[in-house]
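**Q** After the structure tokens below, expect a handful of questions from me.
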Amino acid sequence: MKTEFLQADDANIEKCAEYLRRGDIVAFPTETVYGLGASALDPKAAEKIFRAKGRPATNPLIIHVADKAQIETVAVVDDRSRKLIDALMPGPLTLVMPKKEVVPSIVTAGFDTVAVRMPDHPVALALISAAGVPVCAPSANTSSRPSPTMAQHVYDDLCGKIPVILDGGRCPLGLESTIISMTENPPRVMRAGSVDVSAIEAVIGPVNKESVMIDSLSSLKKPTHFVPKADLVFSAYYDGMFDEIADYCDRMARSHGRRPVIFCTDGNAGRYGDRPVMKMGATVSEYAQSLFEKIREAEKENYDLIIAEGVPLGGLGMTLMSRLMKLSNGNVI
Ligand code: TXA
Ligand code: MG
């Protein structure tokens, strides 16, 4: 299959909406990462997503909607969920709610719940709106690869396996949405993500955050999730780790023949002497935005070991650390 690469202008958005309407799949940008979309009401179309990604049929998809009213067509929305929808959507928040009959079971992997979000990205919203159906979409990477934050990443993973990529530039957030289960009491954070949990708690009160890091660990049992070609280790602390990181880097290079690179914030780049570094930006949100991109860059430059600085756990720091935990298979220095 030839993979078309289309700039996200009005004509091409309409062309991709037509692909979706006729049961084909389309890679498209969102504010978090690129998604690989299909009509959420068409089981044959959804099946194509699983095949292209090599995604296990046990892993359900998120349904993306173009407006808030569309959420009620696929999910049963209670008062608490409605408050979150009013306050935080569109945005990088995914709610897991009881599903409606109309959603085929392949989309929810047989669960009686459905994950729904309204992306805060003009191209995603225009595409879903033009398609006229809700769009189920996982991240547009091959299963076990980091999520794509640029159209080129999608191309690198899925060229020849999907008909079209809608290029809307770099995803502004770079990390996936926060997922929260609304069918439990209190609601439970299932995946730390780009919405800070404190913003959720400000709307509906305390939520269960206990499983955020444990979930990261339990992902170790799913060997297919998040395996970069380069190994990744990270420091659990952000302060005073420079010597440990530098020593570890030297040891891996000299005694183990590795090609390590250090992921560090801009301000720390000078602390590692002439060891190879990749600058991740000045702030935690810049670090988060560039993480997946820099991993792919490091692999292209044939580094085989990424040593990532940790960050403080507050806010987005928690999300970033949970991703580092997954990417590293729990390898902390
Ligand atoms: O930011 C994002 O969420 C991106 C963009 C494309 O929207 N999507 C994304 O999708 O990260 P994916 O498939 O890579 O991750 C979705 C996660 C999976 O871990 C899946 O298990 C979970 O959502 N999920 C989906 N439906 C669920 C359900 N009914 N119950 C529990 N978890 C669910
Ligand atoms: Mg994914």
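Convention: chains lettered A, B, ... in structure tokens order; per-chain residue numbering from 1; ligands numbered from 1 as shown.
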Using only C-alpha atoms and all ligand atoms, find each residue with an atom at most 9 Å away from ligand 1 and format the answer as an MDAnalysis selection string.
**A** chainID A and resid 28:37 55 58:64 92:99 107:119 136:141 143 147 174:181 190:191 193:194
**Q** I need the residues in range 64-269 of chain A that are strand (DSSP E or B) according to DSSP; give them as JSON, numbers by chain.
**A** {"A": [64, 75, 93, 94, 95, 96, 97, 98, 99, 113, 114, 115, 116, 117, 135, 136, 137, 139, 164, 165, 166, 167, 178, 179, 180, 181, 188, 189, 190, 191, 208, 231, 232, 233, 234, 260, 261, 262, 263, 264]}
**Q** Just to be explicit: take each residue in the selection above, keep N, CA and C atoms, and write the result as a CSV table (one decimal), in the first residue's frame.
**A**
```
chain,number,residue,atom,x,y,z
A,64,HIS,N,-12.7,9.7,19.8
A,64,HIS,CA,-12.5,11.1,19.7
A,64,HIS,C,-13.7,11.8,19.1
A,75,ALA,N,-21.4,7.3,25.0
A,75,ALA,CA,-21.2,7.0,26.4
A,75,ALA,C,-22.4,7.5,27.3
A,93,LEU,N,-7.8,15.2,28.1
A,93,LEU,CA,-8.4,14.4,29.1
A,93,LEU,C,-9.3,13.3,28.5
A,94,THR,N,-9.1,12.1,28.9
A,94,THR,CA,-10.0,11.0,28.4
A,94,THR,C,-10.8,10.4,29.6
A,95,LEU,N,-12.1,10.3,29.4
A,95,LEU,CA,-13.0,9.8,30.5
A,95,LEU,C,-13.4,8.4,30.1
A,96,VAL,N,-13.3,7.4,31.0
A,96,VAL,CA,-13.8,6.1,30.8
A,96,VAL,C,-15.2,6.0,31.4
A,97,MET,N,-16.2,5.8,30.6
A,97,MET,CA,-17.6,5.8,31.1
A,97,MET,C,-18.4,4.6,30.5
A,98,PRO,N,-19.6,4.3,31.1
A,98,PRO,CA,-20.3,3.1,30.5
A,98,PRO,C,-20.6,3.4,29.0
A,99,LYS,N,-20.4,2.3,28.2
A,99,LYS,CA,-20.6,2.5,26.8
A,99,LYS,C,-22.0,2.4,26.3
A,113,THR,N,-17.3,-0.5,29.0
A,113,THR,CA,-17.0,0.9,29.2
A,113,THR,C,-16.3,1.4,27.9
A,114,VAL,N,-16.3,2.7,27.7
A,114,VAL,CA,-15.7,3.3,26.5
A,114,VAL,C,-14.9,4.6,27.0
A,115,ALA,N,-13.7,4.7,26.4
A,115,ALA,CA,-12.9,5.9,26.7
A,115,ALA,C,-13.2,7.0,25.6
A,116,VAL,N,-13.4,8.2,26.1
A,116,VAL,CA,-13.8,9.3,25.1
A,116,VAL,C,-13.0,10.5,25.4
A,117,ARG,N,-12.6,11.2,24.4
A,117,ARG,CA,-12.0,12.5,24.6
A,117,ARG,C,-12.3,13.5,23.4
A,135,VAL,N,-14.6,9.2,16.1
A,135,VAL,CA,-13.4,8.6,15.5
A,135,VAL,C,-12.6,7.9,16.6
A,136,CYS,N,-12.5,6.5,16.4
A,136,CYS,CA,-11.7,5.8,17.4
A,136,CYS,C,-10.2,5.9,16.9
A,137,ALA,N,-9.3,6.1,17.9
A,137,ALA,CA,-7.9,6.2,17.5
A,137,ALA,C,-7.0,5.9,18.7
A,139,SER,N,-2.7,5.9,19.6
A,139,SER,CA,-1.6,6.7,19.1
A,139,SER,C,-1.1,6.0,17.8
A,164,VAL,N,-3.0,7.0,4.5
A,164,VAL,CA,-2.8,8.4,4.4
A,164,VAL,C,-2.4,9.0,5.8
A,165,ILE,N,-1.5,10.0,5.8
A,165,ILE,CA,-1.1,10.7,7.0
A,165,ILE,C,-1.4,12.2,6.7
A,166,LEU,N,-2.2,12.8,7.6
A,166,LEU,CA,-2.5,14.2,7.6
A,166,LEU,C,-1.5,14.9,8.4
A,167,ASP,N,-0.7,15.7,7.8
A,167,ASP,CA,0.4,16.4,8.5
A,167,ASP,C,0.0,17.7,9.0
A,178,THR,N,-4.5,12.3,29.8
A,178,THR,CA,-4.7,11.7,31.2
A,178,THR,C,-6.0,10.9,31.0
A,179,ILE,N,-6.0,9.7,31.5
A,179,ILE,CA,-7.2,8.8,31.5
A,179,ILE,C,-7.7,8.6,32.9
A,180,ILE,N,-9.0,8.8,33.0
A,180,ILE,CA,-9.6,8.7,34.3
A,180,ILE,C,-10.9,7.8,34.2
A,181,SER,N,-10.9,6.8,35.1
A,181,SER,CA,-12.1,5.9,35.1
A,181,SER,C,-13.2,6.6,35.9
A,188,ARG,N,-10.8,7.0,39.3
A,188,ARG,CA,-9.4,6.6,39.4
A,188,ARG,C,-8.6,7.0,38.2
A,189,VAL,N,-7.4,7.6,38.4
A,189,VAL,CA,-6.5,7.9,37.3
A,189,VAL,C,-5.9,6.6,36.8
A,190,MET,N,-6.1,6.3,35.5
A,190,MET,CA,-5.6,5.1,34.9
A,190,MET,C,-4.3,5.3,34.2
A,191,ARG,N,-4.1,6.5,33.7
A,191,ARG,CA,-2.8,6.9,33.1
A,191,ARG,C,-2.6,8.4,33.4
A,208,ASN,N,-8.7,8.9,43.0
A,208,ASN,CA,-7.7,7.9,43.4
A,208,ASN,C,-6.5,7.9,42.4
A,231,ASP,N,18.2,1.4,24.8
A,231,ASP,CA,17.8,1.2,26.2
A,231,ASP,C,17.7,2.5,26.9
A,232,LEU,N,16.9,2.6,27.9
A,232,LEU,CA,16.7,3.9,28.6
A,232,LEU,C,16.8,3.6,30.1
A,233,VAL,N,17.6,4.4,30.8
A,233,VAL,CA,17.6,4.4,32.2
A,233,VAL,C,17.3,5.9,32.7
A,234,PHE,N,16.8,6.1,33.9
A,234,PHE,CA,16.6,7.4,34.3
A,234,PHE,C,16.9,7.6,35.8
A,260,PRO,N,26.3,5.8,24.9
A,260,PRO,CA,25.3,6.5,25.7
A,260,PRO,C,25.1,8.0,25.4
A,261,VAL,N,23.9,8.5,25.6
A,261,VAL,CA,23.6,9.9,25.5
A,261,VAL,C,22.8,10.3,26.7
A,262,ILE,N,23.1,11.5,27.2
A,262,ILE,CA,22.3,12.0,28.4
A,262,ILE,C,21.2,13.0,27.9
A,263,PHE,N,20.0,12.7,28.4
A,263,PHE,CA,18.9,13.7,28.2
A,263,PHE,C,18.8,14.6,29.4
A,264,CYS,N,19.1,15.9,29.1
A,264,CYS,CA,19.1,16.8,30.3
A,264,CYS,C,18.4,18.1,30.0
```
**Q** Would you please work out which residue, of A:Leu173, A:Ala230, A:Thr73, A:Phe242, is nearest to Leu320 in chain A when using only C-alpha atoms?
**A**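 Of all the options, A:Leu173 lies closest to Leu320 in chain A.
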**Q** Applying 10 Å and only C-alpha atoms, which residues near Pro146 in chain A remain after dropping the ones on its own chain fewer than 3 positions away? List them as a list in words.
**A**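 Non-adjacent residues within range: Ser139, Ala140, Asn141, Thr142, Ser143, Thr149, His153, Asp157, Leu175, His225, Phe226, Val227, Pro228, Lys229, Leu291, Phe292, Glu293, Ile295, Arg296, Arg323 and Leu327 of chain A.
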**Q** Write out, as a short mmCIF file (atom, residue, chain, number, x, y, z; two decimals), in the first residue's frame, the residues just selected, with C-alpha atoms.
**A**
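The file below, out_5.cif, is the result:
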```
data_model
loop_
_atom_site.label_atom_id
_atom_site.label_comp_id
_atom_site.auth_asym_id
_atom_site.auth_seq_id
_atom_site.Cartn_x
_atom_site.Cartn_y
_atom_site.Cartn_z
CA SER A 139 -1.59 6.66 19.05
CA ALA A 140 -0.31 6.27 15.47
CA ASN A 141 2.85 4.33 16.28
CA THR A 142 3.63 0.66 15.78
CA SER A 143 2.81 -1.12 19.03
CA THR A 149 4.63 13.61 17.88
CA HIS A 153 7.35 9.54 13.07
CA ASP A 157 6.52 3.39 11.76
CA LEU A 175 2.56 13.34 25.83
CA HIS A 225 4.34 -1.61 25.42
CA PHE A 226 6.94 1.09 24.89
CA VAL A 227 10.20 -0.56 23.96
CA PRO A 228 12.62 1.96 22.49
CA LYS A 229 15.39 0.51 20.32
CA LEU A 291 10.72 13.28 24.99
CA PHE A 292 9.34 10.95 22.31
CA GLU A 293 10.88 13.02 19.52
CA ILE A 295 14.16 9.20 21.69
CA ARG A 296 13.59 8.68 17.99
CA ARG A 323 6.57 7.63 31.06
CA LEU A 327 10.25 3.41 28.76
#
```
**Q** Could you pull out all residues of range 22-197 of chain A with a DSSP call of alpha helix (DSSP H) and give them as a ChimeraX atom specification?
**A** /A:43-53,68-74,79-88,122-131,151-158,197
**Q** To one decimal place, how far is CA of Gly23 in chain A from CA of Ala45 in chain A in Å?
**A**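 Atom-to-atom, CA of Gly23 in chain A to CA of Ala45 in chain A, that is 4.9 Å.
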**Q** Restricting the calculation to only C-alpha atoms: of A:Thr3, A:Ser105, A:Ser235, A:Thr319, which residue gets closest to Ile306 in chain A?
**A**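 That would be A:Ser235, the residue with the smallest distance to Ile306 in chain A.
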